[in-house]
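S.K.: Below is the file model_10.csv, which contains CSV, C-alpha atoms (C1' of nucleotides).
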```csv
chain,number,residue,atom,x,y,z
A,1358,MET,CA,-141.0,48.8,60.8
A,1359,ASN,CA,-144.3,47.9,59.3
A,1360,ILE,CA,-145.5,44.3,59.2
A,1361,GLY,CA,-144.3,43.7,55.6
A,1362,GLU,CA,-140.7,44.5,56.4
A,1363,VAL,CA,-140.8,42.4,59.6
A,1364,ALA,CA,-142.4,39.5,57.6
A,1365,ASP,CA,-139.6,39.7,55.0
A,1366,ARG,CA,-136.9,39.9,57.6
A,1367,SER,CA,-138.2,37.2,59.9
A,1368,GLY,CA,-139.5,34.9,57.2
A,1369,ILE,CA,-142.9,34.8,58.9
A,1370,PRO,CA,-145.9,35.8,56.9
A,1371,PRO,CA,-147.9,38.9,57.9
A,1372,LYS,CA,-151.0,36.8,58.6
A,1373,THR,CA,-149.1,34.7,61.0
A,1374,ILE,CA,-147.5,37.7,62.7
A,1375,ARG,CA,-151.0,39.1,63.3
A,1376,TYR,CA,-152.1,35.8,64.6
A,1377,TYR,CA,-149.1,35.7,67.0
A,1378,GLU,CA,-150.1,39.1,68.3
A,1379,ASP,CA,-153.7,37.9,68.6
A,1380,ILE,CA,-152.7,35.1,70.9
A,1381,GLY,CA,-150.3,37.3,72.8
A,1382,LEU,CA,-146.9,36.1,71.7
A,1383,ILE,CA,-145.8,39.5,70.6
A,1384,ARG,CA,-147.1,43.0,71.5
A,1385,PRO,CA,-146.0,45.4,68.7
A,1386,GLN,CA,-146.8,49.1,69.3
A,1387,ARG,CA,-149.0,51.1,67.0
A,1388,SER,CA,-148.3,54.1,64.8
A,1389,ASP,CA,-150.7,57.0,64.6
A,1390,ASN,CA,-152.2,55.6,61.4
A,1391,GLY,CA,-153.1,52.4,63.2
A,1392,TYR,CA,-150.3,50.4,61.6
A,1393,ARG,CA,-148.4,48.0,63.8
A,1394,ALA,CA,-145.0,49.5,64.6
A,1395,PHE,CA,-142.4,46.8,65.2
A,1396,ARG,CA,-139.1,47.3,67.0
A,1397,GLU,CA,-136.0,45.2,66.7
A,1398,THR,CA,-137.0,43.3,69.8
A,1399,ASP,CA,-140.2,42.3,68.1
A,1400,LEU,CA,-138.3,41.1,65.1
A,1401,HIS,CA,-136.0,39.2,67.3
A,1402,LYS,CA,-138.9,37.5,69.0
A,1403,LEU,CA,-140.4,36.6,65.7
A,1404,ALA,CA,-137.2,35.1,64.5
A,1405,PHE,CA,-137.0,33.1,67.8
A,1406,LEU,CA,-140.6,31.9,67.2
A,1407,GLY,CA,-139.8,30.9,63.7
A,1408,ARG,CA,-136.8,28.8,64.8
A,1409,ALA,CA,-138.8,27.2,67.6
A,1410,ARG,CA,-141.7,26.4,65.3
A,1411,ALA,CA,-139.2,25.0,62.8
A,1412,LEU,CA,-138.0,22.6,65.5
A,1413,GLY,CA,-141.6,21.5,65.9
A,1414,PHE,CA,-142.3,23.1,69.3
A,1415,SER,CA,-146.0,23.9,69.9
A,1416,ILE,CA,-147.2,27.4,70.2
A,1417,GLU,CA,-147.6,26.8,74.0
A,1418,ASP,CA,-144.1,25.5,74.2
A,1419,CYS,CA,-143.0,28.6,72.3
A,1420,ARG,CA,-144.8,30.8,74.7
A,1421,VAL,CA,-143.0,29.3,77.6
A,1422,LEU,CA,-139.6,29.2,75.9
A,1423,LEU,CA,-140.0,32.9,75.0
A,1424,SER,CA,-140.8,33.8,78.6
A,1425,LEU,CA,-137.8,31.7,79.8
A,1426,TYR,CA,-135.7,33.5,77.3
A,1427,GLU,CA,-136.7,36.8,78.8
A,1428,ASP,CA,-136.4,35.6,82.4
A,1429,GLU,CA,-132.9,36.1,83.7
A,1430,THR,CA,-133.7,34.0,86.7
A,1431,ARG,CA,-134.5,30.9,84.7
A,1432,GLU,CA,-132.8,27.6,85.2
A,1433,SER,CA,-131.6,25.8,82.1
A,1434,ALA,CA,-133.2,22.7,83.5
A,1435,GLN,CA,-136.6,24.2,82.8
A,1436,VAL,CA,-135.7,24.7,79.1
A,1437,LYS,CA,-134.1,21.3,78.9
A,1438,ALA,CA,-137.2,19.6,80.3
A,1439,ILE,CA,-139.4,21.2,77.6
A,1440,ALA,CA,-137.0,20.2,74.9
A,1441,GLU,CA,-136.7,16.6,76.2
A,1442,GLU,CA,-140.4,16.2,76.3
A,1443,HIS,CA,-140.7,17.5,72.8
A,1444,LEU,CA,-137.9,15.2,71.7
A,1445,SER,CA,-139.7,12.2,73.0
A,1446,ALA,CA,-142.9,13.3,71.3
A,1447,ILE,CA,-140.9,13.5,68.1
A,1448,ASP,CA,-139.5,10.0,68.7
A,1449,HIS,CA,-142.9,8.7,69.2
A,1450,LYS,CA,-144.2,10.3,66.0
A,1451,ILE,CA,-141.3,8.9,64.1
A,1452,ALA,CA,-141.9,5.4,65.4
A,1453,GLN,CA,-145.6,5.6,64.4
A,1454,LEU,CA,-144.7,6.8,60.9
A,1455,ARG,CA,-142.1,4.1,60.6
A,1456,GLU,CA,-144.6,1.5,61.4
A,1457,MET,CA,-147.0,2.9,58.9
A,1458,ARG,CA,-144.2,3.1,56.4
A,1459,GLU,CA,-143.3,-0.5,57.0
A,1460,THR,CA,-146.7,-1.9,56.5
A,1461,LEU,CA,-147.5,0.3,53.6
A,1462,SER,CA,-144.3,-0.3,51.7
A,1463,HIS,CA,-144.8,-4.0,51.9
A,1464,LEU,CA,-148.3,-3.6,50.5
A,1465,VAL,CA,-147.2,-1.4,47.7
A,1466,ASP,CA,-144.4,-3.8,46.8
A,1467,ALA,CA,-146.9,-6.6,46.7
A,1468,CYS,CA,-149.4,-4.8,44.5
A,1469,HIS,CA,-149.0,-5.3,40.8
A,1470,GLY,CA,-150.3,-1.9,39.9
A,1471,ASP,CA,-151.8,-3.0,36.7
A,1472,HIS,CA,-155.2,-2.9,35.0
A,1473,ARG,CA,-156.6,-5.8,37.0
A,1474,PRO,CA,-158.7,-5.3,40.1
A,1475,ASP,CA,-156.9,-7.7,42.4
A,1476,CYS,CA,-155.0,-5.7,45.0
A,1477,PRO,CA,-153.3,-6.7,48.3
A,1478,ILE,CA,-153.6,-3.2,49.6
A,1479,LEU,CA,-157.4,-3.3,49.5
A,1480,GLY,CA,-157.2,-6.9,50.7
A,1481,GLU,CA,-155.3,-5.8,53.8
A,1482,LEU,CA,-157.7,-2.9,54.4
A,1483,SER,CA,-160.7,-5.1,54.0
A,1484,GLY,CA,-159.3,-7.3,56.7
A,1485,ALA,CA,-158.0,-10.3,54.8
A,1486,LEU,CA,-155.0,-12.0,56.5
A,1487,ALA,CA,-153.3,-12.4,53.2
A,1488,SER,CA,-154.0,-11.4,49.7
A,1489,GLN,CA,-152.5,-11.4,46.2
A,1490,GLY,CA,-152.6,-9.2,43.2
B,539,MET,CA,-176.9,-3.2,65.2
B,540,ASN,CA,-177.0,0.0,67.1
B,541,ILE,CA,-174.1,2.4,67.1
B,542,GLY,CA,-172.7,1.2,70.4
B,543,GLU,CA,-172.3,-2.4,69.2
B,544,VAL,CA,-170.7,-1.3,65.9
B,545,ALA,CA,-168.4,1.0,67.9
B,546,ASP,CA,-167.3,-1.9,70.1
B,547,ARG,CA,-166.8,-4.3,67.2
B,548,SER,CA,-165.1,-1.8,64.9
B,549,GLY,CA,-163.0,0.0,67.5
B,550,ILE,CA,-164.3,3.3,66.2
B,551,PRO,CA,-166.0,5.6,68.7
B,552,PRO,CA,-169.7,6.4,68.2
B,553,LYS,CA,-168.9,10.1,67.7
B,554,THR,CA,-166.5,9.3,64.9
B,555,ILE,CA,-169.0,6.9,63.3
B,556,ARG,CA,-171.6,9.7,63.3
B,557,TYR,CA,-169.0,12.0,61.8
B,558,TYR,CA,-168.3,9.4,59.1
B,559,GLU,CA,-172.0,9.3,58.2
B,560,ASP,CA,-172.1,13.1,58.2
B,561,ILE,CA,-169.4,13.3,55.6
B,562,GLY,CA,-170.9,10.5,53.6
B,563,LEU,CA,-168.4,7.7,54.2
B,564,ILE,CA,-171.2,5.4,55.4
B,565,ARG,CA,-174.9,5.4,55.0
B,566,PRO,CA,-176.5,3.3,57.8
B,567,GLN,CA,-180.2,2.8,57.6
B,568,ARG,CA,-182.6,4.0,60.3
B,569,SER,CA,-184.8,2.1,62.7
B,570,ASP,CA,-188.4,3.3,63.4
B,571,ASN,CA,-187.2,4.9,66.6
B,572,GLY,CA,-184.7,7.0,64.8
B,573,TYR,CA,-181.7,5.0,65.8
B,574,ARG,CA,-179.1,4.2,63.2
B,575,ALA,CA,-179.4,0.6,62.1
B,576,PHE,CA,-176.1,-0.9,61.0
B,577,ARG,CA,-175.7,-4.0,58.8
B,578,GLU,CA,-172.6,-6.2,58.5
B,579,THR,CA,-171.5,-4.3,55.4
B,580,ASP,CA,-171.5,-1.0,57.4
B,581,LEU,CA,-169.4,-2.7,60.1
B,582,HIS,CA,-167.1,-4.0,57.4
B,583,LYS,CA,-166.7,-0.5,55.9
B,584,LEU,CA,-166.0,1.0,59.3
B,585,ALA,CA,-163.3,-1.6,59.9
B,586,PHE,CA,-161.9,-0.8,56.5
B,587,LEU,CA,-161.8,2.9,57.4
B,588,GLY,CA,-160.2,2.1,60.8
B,589,ARG,CA,-157.4,0.2,59.1
B,590,ALA,CA,-156.9,2.8,56.4
B,591,ARG,CA,-156.8,5.6,59.0
B,592,ALA,CA,-154.4,3.6,61.1
B,593,LEU,CA,-152.1,3.6,58.0
B,594,GLY,CA,-152.4,7.3,58.0
B,595,PHE,CA,-154.5,7.8,54.9
B,596,SER,CA,-156.5,11.0,54.8
B,597,ILE,CA,-160.3,10.9,54.9
B,598,GLU,CA,-160.4,11.8,51.3
B,599,ASP,CA,-158.0,9.0,50.4
B,600,CYS,CA,-160.2,6.7,52.5
B,601,ARG,CA,-163.2,7.9,50.5
B,602,VAL,CA,-161.5,7.0,47.2
B,603,LEU,CA,-160.1,3.7,48.6
B,604,LEU,CA,-163.5,2.7,49.7
B,605,SER,CA,-165.1,3.5,46.4
B,606,LEU,CA,-162.3,1.5,44.6
B,607,TYR,CA,-162.9,-1.4,47.0
B,608,GLU,CA,-166.5,-1.5,45.9
B,609,ASP,CA,-165.7,-0.9,42.2
B,610,GLU,CA,-165.2,-4.3,40.5
B,611,THR,CA,-163.9,-2.5,37.4
B,612,ARG,CA,-161.1,-0.9,39.4
B,613,GLU,CA,-157.5,-1.3,38.4
B,614,SER,CA,-155.0,-2.1,41.1
B,615,ALA,CA,-152.8,0.7,39.6
B,616,GLN,CA,-155.3,3.2,40.9
B,617,VAL,CA,-154.9,1.9,44.4
B,618,LYS,CA,-151.2,1.6,44.2
B,619,ALA,CA,-150.9,5.2,43.0
B,620,ILE,CA,-152.7,6.5,46.1
B,621,ALA,CA,-150.6,4.3,48.4
B,622,GLU,CA,-147.4,5.4,46.8
B,623,GLU,CA,-148.3,9.0,47.1
B,624,HIS,CA,-149.1,8.5,50.7
B,625,LEU,CA,-145.9,6.6,51.2
B,626,SER,CA,-143.9,9.4,49.9
B,627,ALA,CA,-145.7,11.9,52.1
B,628,ILE,CA,-144.9,9.7,55.1
B,629,ASP,CA,-141.2,9.6,54.0
B,630,HIS,CA,-141.2,13.3,53.8
B,631,LYS,CA,-142.7,13.7,57.3
B,632,ILE,CA,-140.2,11.2,58.7
B,633,ALA,CA,-137.3,13.1,57.1
B,634,GLN,CA,-138.6,16.4,58.6
B,635,LEU,CA,-139.0,14.9,62.0
B,636,ARG,CA,-135.5,13.3,61.8
B,637,GLU,CA,-134.0,16.7,61.0
B,638,MET,CA,-135.8,18.2,64.0
B,639,ARG,CA,-134.7,15.3,66.1
B,640,GLU,CA,-131.1,15.7,65.0
B,641,THR,CA,-130.9,19.4,65.9
B,642,LEU,CA,-132.9,19.1,69.0
B,643,SER,CA,-131.0,16.1,70.5
B,644,HIS,CA,-127.7,17.9,70.0
B,645,LEU,CA,-129.0,20.9,71.8
B,646,VAL,CA,-130.4,18.8,74.6
B,647,ASP,CA,-127.1,17.1,75.0
B,648,ALA,CA,-125.3,20.4,75.1
B,649,CYS,CA,-127.6,21.8,77.8
B,650,HIS,CA,-126.4,21.3,81.3
B,651,GLY,CA,-130.0,21.3,82.6
B,652,ASP,CA,-129.0,22.8,86.0
B,653,HIS,CA,-130.0,25.8,88.1
B,654,ARG,CA,-128.1,28.3,86.0
B,655,PRO,CA,-129.7,30.4,83.2
B,656,ASP,CA,-127.1,29.7,80.5
B,657,CYS,CA,-128.7,27.5,77.9
B,658,PRO,CA,-127.6,26.5,74.4
B,659,ILE,CA,-131.1,25.7,73.4
B,660,LEU,CA,-132.3,29.3,74.0
B,661,GLY,CA,-129.0,30.4,72.4
B,662,GLU,CA,-129.8,28.6,69.2
B,663,LEU,CA,-133.4,29.8,69.2
B,664,SER,CA,-132.3,33.3,69.7
B,665,GLY,CA,-130.1,33.1,66.7
B,666,ALA,CA,-126.7,32.6,68.2
B,667,LEU,CA,-124.3,30.7,66.0
B,668,ALA,CA,-122.9,28.9,69.0
B,669,SER,CA,-123.6,28.9,72.7
B,670,GLN,CA,-122.7,27.2,75.8
B,671,GLY,CA,-124.5,26.2,79.0
C,1192,DC,C1',-197.1,2.0,86.3
C,1193,DC,C1',-193.2,4.7,87.5
C,1194,DT,C1',-188.6,5.6,87.8
C,1195,DT,C1',-183.8,5.2,86.9
C,1196,DG,C1',-180.1,5.0,84.0
C,1197,DA,C1',-177.9,3.8,79.9
C,1198,DG,C1',-178.0,4.6,75.1
C,1199,DC,C1',-179.5,7.0,71.4
C,1200,DT,C1',-180.6,11.6,68.8
C,1201,DT,C1',-179.2,16.4,67.1
C,1202,DC,C1',-176.7,20.6,67.1
C,1203,DC,C1',-173.0,23.7,68.5
C,1204,DA,C1',-168.4,24.7,69.8
C,1205,DG,C1',-163.5,23.9,70.3
C,1206,DT,C1',-159.0,21.8,69.1
C,1207,DG,C1',-153.9,23.7,66.5
C,1208,DA,C1',-151.8,26.8,63.8
C,1209,DC,C1',-152.6,29.0,60.6
C,1210,DT,C1',-154.7,30.7,55.8
C,1211,DG,C1',-157.9,32.9,52.5
C,1212,DG,C1',-160.9,36.4,51.5
C,1213,DA,C1',-163.8,40.5,51.9
C,1214,DA,C1',-164.4,45.3,52.9
C,1215,DG,C1',-162.3,49.3,53.7
C,1216,DC,C1',-158.6,52.8,55.3
C,1217,DC,C1',-153.8,54.8,54.3
C,1218,DC,C1',-149.8,56.2,51.7
C,1219,DT,C1',-147.1,57.2,47.8
C,1220,DA,C1',-146.4,58.2,43.0
C,1221,DT,C1',-148.0,59.9,38.8
D,1023,DA,C1',-157.4,62.9,41.0
D,1024,DT,C1',-156.4,58.3,40.7
D,1025,DA,C1',-154.2,54.0,40.8
D,1026,DG,C1',-151.7,50.6,43.2
D,1027,DG,C1',-150.1,48.4,47.0
D,1028,DG,C1',-149.9,47.9,51.9
D,1029,DC,C1',-152.2,48.1,55.9
D,1030,DT,C1',-156.5,47.3,59.0
D,1031,DT,C1',-160.3,44.2,61.0
D,1032,DC,C1',-163.3,40.3,61.0
D,1033,DC,C1',-165.2,36.0,59.4
D,1034,DA,C1',-164.8,31.5,57.6
D,1035,DG,C1',-162.3,27.4,56.4
D,1036,DT,C1',-158.8,23.8,57.1
D,1037,DC,C1',-158.4,18.4,59.2
D,1038,DA,C1',-160.4,14.8,61.8
D,1039,DC,C1',-162.4,14.5,65.2
D,1040,DT,C1',-164.1,15.4,70.4
D,1041,DG,C1',-166.8,17.4,74.2
D,1042,DG,C1',-171.0,18.9,75.9
D,1043,DA,C1',-175.9,20.2,76.2
D,1044,DA,C1',-180.7,19.1,75.6
D,1045,DG,C1',-183.8,15.8,74.8
D,1046,DC,C1',-185.9,11.2,73.2
D,1047,DT,C1',-186.0,5.9,73.7
D,1048,DC,C1',-185.5,1.6,75.8
D,1049,DA,C1',-184.9,-2.1,79.2
D,1050,DA,C1',-184.9,-3.4,84.0
D,1051,DG,C1',-186.3,-3.1,88.8
D,1052,DG,C1',-189.7,-1.9,92.4
```
Could you spell out this file's structure in structure tokens?

M.R.:
Amino acid sequence: MNIGEVADRSGIPPKTIRYYEDIGLIRPQRSDNGYRAFRETDLHKLAFLGRARALGFSIEDCRVLLSLYEDETRESAQVKAIAEEHLSAIDHKIAQLREMRETLSHLVDACHGDHRPDCPILGELSGALASQG
Amino acid sequence: MNIGEVADRSGIPPKTIRYYEDIGLIRPQRSDNGYRAFRETDLHKLAFLGRARALGFSIEDCRVLLSLYEDETRESAQVKAIAEEHLSAIDHKIAQLREMRETLSHLVDACHGDHRPDCPILGELSGALASQG
DNA sequence: CCTTGAGCTTCCAGTGACTGGAAGCCCTAT
DNA sequence: ATAGGGCTTCCAGTCACTGGAAGCTCAAGG
């Protein structure tokens, strides 16, 4: 398979596939013409990567997950540990975003959004304890 | 004020303050010795930026918000529009993260996390429809 | 007066995970 | 022979910093 077909079948763009080879996540062979020659296993790995990335795992996590996947002597505890750590990072991000959301939605609700300059959003950002508009 | 004092009082590190000057968010004067000389208004702007960044606004949003803040002919609708757009971006991110969280937590729960290699997390990533471990 | 150390300066490079674009080779069809 | 699309490499840009190196300035202590 050439890169275009693998891209279509894995859903990962050619640019990204080349990047993944660059950083050593995959090692496709080469045809005589210099084109990358992908086998089914490469495609499988790319699909794996696509799913792992879709779950928000970092590239480095993906690298480890992929090596565990290929390691028959792995212990599921190793995989679970990575996933749990990632899960708590996600929880942390969600909490941060919710806090932003909370403050911001109050400010948006309080803002008249009209032609006048008075604005509680700018009031808050400028450090006022309370503001109207 | 020198940069160190402004950093302490605004909570923004010197490196970041220099960066903000670099990209034109602030324009501190200079002392004869070449040091940046910050006035209260610069400090105020930096605090404004700190709060806006804490709410997750992008630097470009901050640039616009700051210019609106200084524009007495602004309309609060302009500010509100930016905030609403940002709010919906936050909602979008939260939704994405929640979806990841959902899938991931199920997988983590299903994984025994022991010394055996079988793992539903890797199963899912490798494309299996169901898996045990 | 000299030294020491902290604080300031600039500039360059790296982060994460791609993404865009340029220049140029390869392959197939007409 | 040519036109196009796909492939190659390499370089640069994204976002918002952050780290580090080399070097100047300043205040305090001896």

S.K.: Write out as JSON, numbers by chain which residues come within 12 Å of range 1199-1208 of chain C when counting all atoms listed in the file, dropping same-chain ones fewer than 2 positions away.

M.R.: {"A": [1372, 1373, 1374, 1376, 1377, 1380, 1410, 1413, 1414, 1415, 1416, 1417], "B": [540, 541, 542, 552, 553, 556, 560, 568, 569, 571, 572, 573, 574, 575], "C": [1197, 1210], "D": [1036, 1037, 1038, 1039, 1040, 1041, 1042, 1043, 1044, 1045, 1046, 1047, 1048]}

S.K.: Please produce chain B as a JSON list (two decimals) with C-alpha atoms, keeping the file's coordinate frame once it has been superposed on chain A, the fit using all Cα atoms paired in sequence order.

M.R.:
```json
[["chain", "number", "residue", "atom", "x", "y", "z"],
["B", 539, "MET", "CA", -140.97, 48.77, 60.92],
["B", 540, "ASN", "CA", -144.24, 47.92, 59.34],
["B", 541, "ILE", "CA", -145.50, 44.38, 59.19],
["B", 542, "GLY", "CA", -144.33, 43.78, 55.64],
["B", 543, "GLU", "CA", -140.69, 44.55, 56.45],
["B", 544, "VAL", "CA", -140.76, 42.39, 59.61],
["B", 545, "ALA", "CA", -142.38, 39.62, 57.55],
["B", 546, "ASP", "CA", -139.59, 39.79, 54.98],
["B", 547, "ARG", "CA", -136.81, 39.91, 57.57],
["B", 548, "SER", "CA", -138.28, 37.25, 59.85],
["B", 549, "GLY", "CA", -139.59, 34.89, 57.17],
["B", 550, "ILE", "CA", -142.94, 34.84, 58.92],
["B", 551, "PRO", "CA", -145.97, 35.85, 56.87],
["B", 552, "PRO", "CA", -147.90, 38.98, 57.90],
["B", 553, "LYS", "CA", -151.02, 36.90, 58.62],
["B", 554, "THR", "CA", -149.11, 34.69, 61.01],
["B", 555, "ILE", "CA", -147.51, 37.72, 62.70],
["B", 556, "ARG", "CA", -150.99, 39.17, 63.27],
["B", 557, "TYR", "CA", -152.08, 35.81, 64.63],
["B", 558, "TYR", "CA", -149.07, 35.83, 66.98],
["B", 559, "GLU", "CA", -150.11, 39.24, 68.33],
["B", 560, "ASP", "CA", -153.69, 38.01, 68.68],
["B", 561, "ILE", "CA", -152.63, 35.19, 70.92],
["B", 562, "GLY", "CA", -150.27, 37.39, 72.84],
["B", 563, "LEU", "CA", -146.89, 36.08, 71.68],
["B", 564, "ILE", "CA", -145.84, 39.60, 70.65],
["B", 565, "ARG", "CA", -147.03, 43.02, 71.51],
["B", 566, "PRO", "CA", -145.97, 45.49, 68.76],
["B", 567, "GLN", "CA", -146.72, 49.10, 69.38],
["B", 568, "ARG", "CA", -148.99, 51.16, 67.12],
["B", 569, "SER", "CA", -148.26, 54.08, 64.86],
["B", 570, "ASP", "CA", -150.67, 57.09, 64.73],
["B", 571, "ASN", "CA", -152.17, 55.69, 61.56],
["B", 572, "GLY", "CA", -153.06, 52.47, 63.21],
["B", 573, "TYR", "CA", -150.32, 50.46, 61.66],
["B", 574, "ARG", "CA", -148.37, 48.08, 63.83],
["B", 575, "ALA", "CA", -144.97, 49.51, 64.63],
["B", 576, "PHE", "CA", -142.32, 46.86, 65.17],
["B", 577, "ARG", "CA", -139.01, 47.37, 67.02],
["B", 578, "GLU", "CA", -135.88, 45.21, 66.73],
["B", 579, "THR", "CA", -136.89, 43.25, 69.82],
["B", 580, "ASP", "CA", -140.22, 42.28, 68.14],
["B", 581, "LEU", "CA", -138.27, 41.15, 65.05],
["B", 582, "HIS", "CA", -135.95, 39.22, 67.31],
["B", 583, "LYS", "CA", -138.89, 37.50, 69.06],
["B", 584, "LEU", "CA", -140.48, 36.62, 65.74],
["B", 585, "ALA", "CA", -137.23, 35.06, 64.58],
["B", 586, "PHE", "CA", -137.07, 33.17, 67.83],
["B", 587, "LEU", "CA", -140.61, 31.87, 67.26],
["B", 588, "GLY", "CA", -139.75, 30.96, 63.63],
["B", 589, "ARG", "CA", -136.82, 28.85, 64.78],
["B", 590, "ALA", "CA", -138.74, 27.24, 67.62],
["B", 591, "ARG", "CA", -141.65, 26.41, 65.29],
["B", 592, "ALA", "CA", -139.24, 25.05, 62.73],
["B", 593, "LEU", "CA", -138.08, 22.63, 65.50],
["B", 594, "GLY", "CA", -141.63, 21.62, 65.87],
["B", 595, "PHE", "CA", -142.41, 23.13, 69.24],
["B", 596, "SER", "CA", -146.05, 23.88, 69.88],
["B", 597, "ILE", "CA", -147.25, 27.47, 70.25],
["B", 598, "GLU", "CA", -147.67, 26.93, 73.90],
["B", 599, "ASP", "CA", -144.13, 25.59, 74.24],
["B", 600, "CYS", "CA", -142.99, 28.62, 72.24],
["B", 601, "ARG", "CA", -144.86, 30.83, 74.70],
["B", 602, "VAL", "CA", -143.03, 29.27, 77.66],
["B", 603, "LEU", "CA", -139.66, 29.23, 75.81],
["B", 604, "LEU", "CA", -140.01, 32.85, 75.06],
["B", 605, "SER", "CA", -140.87, 33.77, 78.60],
["B", 606, "LEU", "CA", -137.84, 31.70, 79.84],
["B", 607, "TYR", "CA", -135.64, 33.48, 77.29],
["B", 608, "GLU", "CA", -136.61, 36.78, 78.82],
["B", 609, "ASP", "CA", -136.44, 35.49, 82.43],
["B", 610, "GLU", "CA", -132.88, 36.06, 83.74],
["B", 611, "THR", "CA", -133.73, 33.95, 86.80],
["B", 612, "ARG", "CA", -134.53, 30.95, 84.61],
["B", 613, "GLU", "CA", -132.82, 27.65, 85.11],
["B", 614, "SER", "CA", -131.58, 25.83, 82.06],
["B", 615, "ALA", "CA", -133.27, 22.67, 83.51],
["B", 616, "GLN", "CA", -136.60, 24.25, 82.76],
["B", 617, "VAL", "CA", -135.70, 24.63, 79.14],
["B", 618, "LYS", "CA", -134.15, 21.27, 78.84],
["B", 619, "ALA", "CA", -137.26, 19.63, 80.31],
["B", 620, "ILE", "CA", -139.47, 21.13, 77.59],
["B", 621, "ALA", "CA", -137.01, 20.14, 74.86],
["B", 622, "GLU", "CA", -136.75, 16.63, 76.13],
["B", 623, "GLU", "CA", -140.46, 16.24, 76.27],
["B", 624, "HIS", "CA", -140.71, 17.48, 72.77],
["B", 625, "LEU", "CA", -137.93, 15.20, 71.70],
["B", 626, "SER", "CA", -139.71, 12.24, 72.98],
["B", 627, "ALA", "CA", -142.92, 13.25, 71.26],
["B", 628, "ILE", "CA", -140.98, 13.53, 68.00],
["B", 629, "ASP", "CA", -139.51, 10.01, 68.61],
["B", 630, "HIS", "CA", -142.94, 8.71, 69.14],
["B", 631, "LYS", "CA", -144.26, 10.28, 65.90],
["B", 632, "ILE", "CA", -141.26, 8.94, 63.98],
["B", 633, "ALA", "CA", -141.86, 5.43, 65.37],
["B", 634, "GLN", "CA", -145.57, 5.63, 64.34],
["B", 635, "LEU", "CA", -144.73, 6.82, 60.90],
["B", 636, "ARG", "CA", -142.04, 4.09, 60.51],
["B", 637, "GLU", "CA", -144.61, 1.44, 61.42],
["B", 638, "MET", "CA", -146.99, 2.86, 58.81],
["B", 639, "ARG", "CA", -144.18, 3.03, 56.34],
["B", 640, "GLU", "CA", -143.21, -0.57, 57.01],
["B", 641, "THR", "CA", -146.71, -1.96, 56.42],
["B", 642, "LEU", "CA", -147.50, 0.28, 53.59],
["B", 643, "SER", "CA", -144.25, -0.32, 51.60],
["B", 644, "HIS", "CA", -144.76, -4.07, 51.84],
["B", 645, "LEU", "CA", -148.22, -3.74, 50.49],
["B", 646, "VAL", "CA", -147.09, -1.45, 47.71],
["B", 647, "ASP", "CA", -144.44, -3.91, 46.75],
["B", 648, "ALA", "CA", -146.93, -6.73, 46.72],
["B", 649, "CYS", "CA", -149.35, -4.83, 44.46],
["B", 650, "HIS", "CA", -148.93, -5.47, 40.81],
["B", 651, "GLY", "CA", -150.30, -1.99, 39.98],
["B", 652, "ASP", "CA", -151.80, -3.15, 36.63],
["B", 653, "HIS", "CA", -155.20, -3.07, 34.95],
["B", 654, "ARG", "CA", -156.63, -5.90, 37.01],
["B", 655, "PRO", "CA", -158.77, -5.39, 40.16],
["B", 656, "ASP", "CA", -156.90, -7.81, 42.44],
["B", 657, "CYS", "CA", -155.06, -5.78, 45.01],
["B", 658, "PRO", "CA", -153.31, -6.76, 48.24],
["B", 659, "ILE", "CA", -153.61, -3.31, 49.60],
["B", 660, "LEU", "CA", -157.45, -3.39, 49.48],
["B", 661, "GLY", "CA", -157.16, -6.99, 50.74],
["B", 662, "GLU", "CA", -155.35, -5.90, 53.85],
["B", 663, "LEU", "CA", -157.68, -2.96, 54.41],
["B", 664, "SER", "CA", -160.64, -5.16, 54.09],
["B", 665, "GLY", "CA", -159.33, -7.40, 56.75],
["B", 666, "ALA", "CA", -157.91, -10.27, 54.80],
["B", 667, "LEU", "CA", -155.05, -12.04, 56.50],
["B", 668, "ALA", "CA", -153.28, -12.46, 53.20],
["B", 669, "SER", "CA", -153.99, -11.48, 49.63],
["B", 670, "GLN", "CA", -152.49, -11.46, 46.30],
["B", 671, "GLY", "CA", -152.57, -9.15, 43.28]]
```

S.K.: Enter the distance from CA of Arg1455 in chain A to CA of Leu593 in chain B, in Å, rounded to one decimal.

M.R.: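 These two atoms are separated by 10.3 Å.
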
S.K.: Find the residue from A:Ile1369, A:Leu1422, A:Leu1482, A:Ala1438 that sits nearest to Gly588 in chain B; use all atoms listed in the file when measuring.

M.R.: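 For Gly588 in chain B, the nearest of the candidates is A:Leu1482.
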
S.K.: Rounded to one decimal, what separation in Å do you get between CA of Pro1474 in chain A and CA of Arg612 in chain B?

M.R.: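 Going from CA of Pro1474 in chain A over to CA of Arg612 in chain B covers 5.1 Å.
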
S.K.: How many Å separate CA of Asp546 in chain B from CA of Leu1461 in chain A?

M.R.: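 Computing it gives 25.9 Å between the two atoms.
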
S.K.: Could you check which residues have any atom within 10 Å of (-147.1, 7.5, 62.5), counting all atoms listed in the file with coordinates taken straight from the file, and then list them as an NGL selection string?

M.R.: (:A and (1449-1458)) or (:B and (592-594 or 628 or 631-632))

S.K.: I'd like the contact shell of Ala666 in chain B - 12 Å cut-off, only C-alpha atoms (C1' of nucleotides), skipping same-chain residues fewer than 6 positions apart - returned as a ChimeraX atom specification.

M.R.: /A:1401,1404-1405,1408 /B:657-660

S.K.: Those same residues - C-alpha atoms - I'd like them written as a compact mmCIF listing (two decimals), in the coordinates of the input.

M.R.:
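The resulting again-v9.txt:
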```
# COMPACT_ATOMS: atom_id res chain seq x y z
CA HIS A 1401 -136.00 39.20 67.30
CA ALA A 1404 -137.20 35.10 64.50
CA PHE A 1405 -137.00 33.10 67.80
CA ARG A 1408 -136.80 28.80 64.80
CA CYS B 657 -128.70 27.50 77.90
CA PRO B 658 -127.60 26.50 74.40
CA ILE B 659 -131.10 25.70 73.40
CA LEU B 660 -132.30 29.30 74.00
```
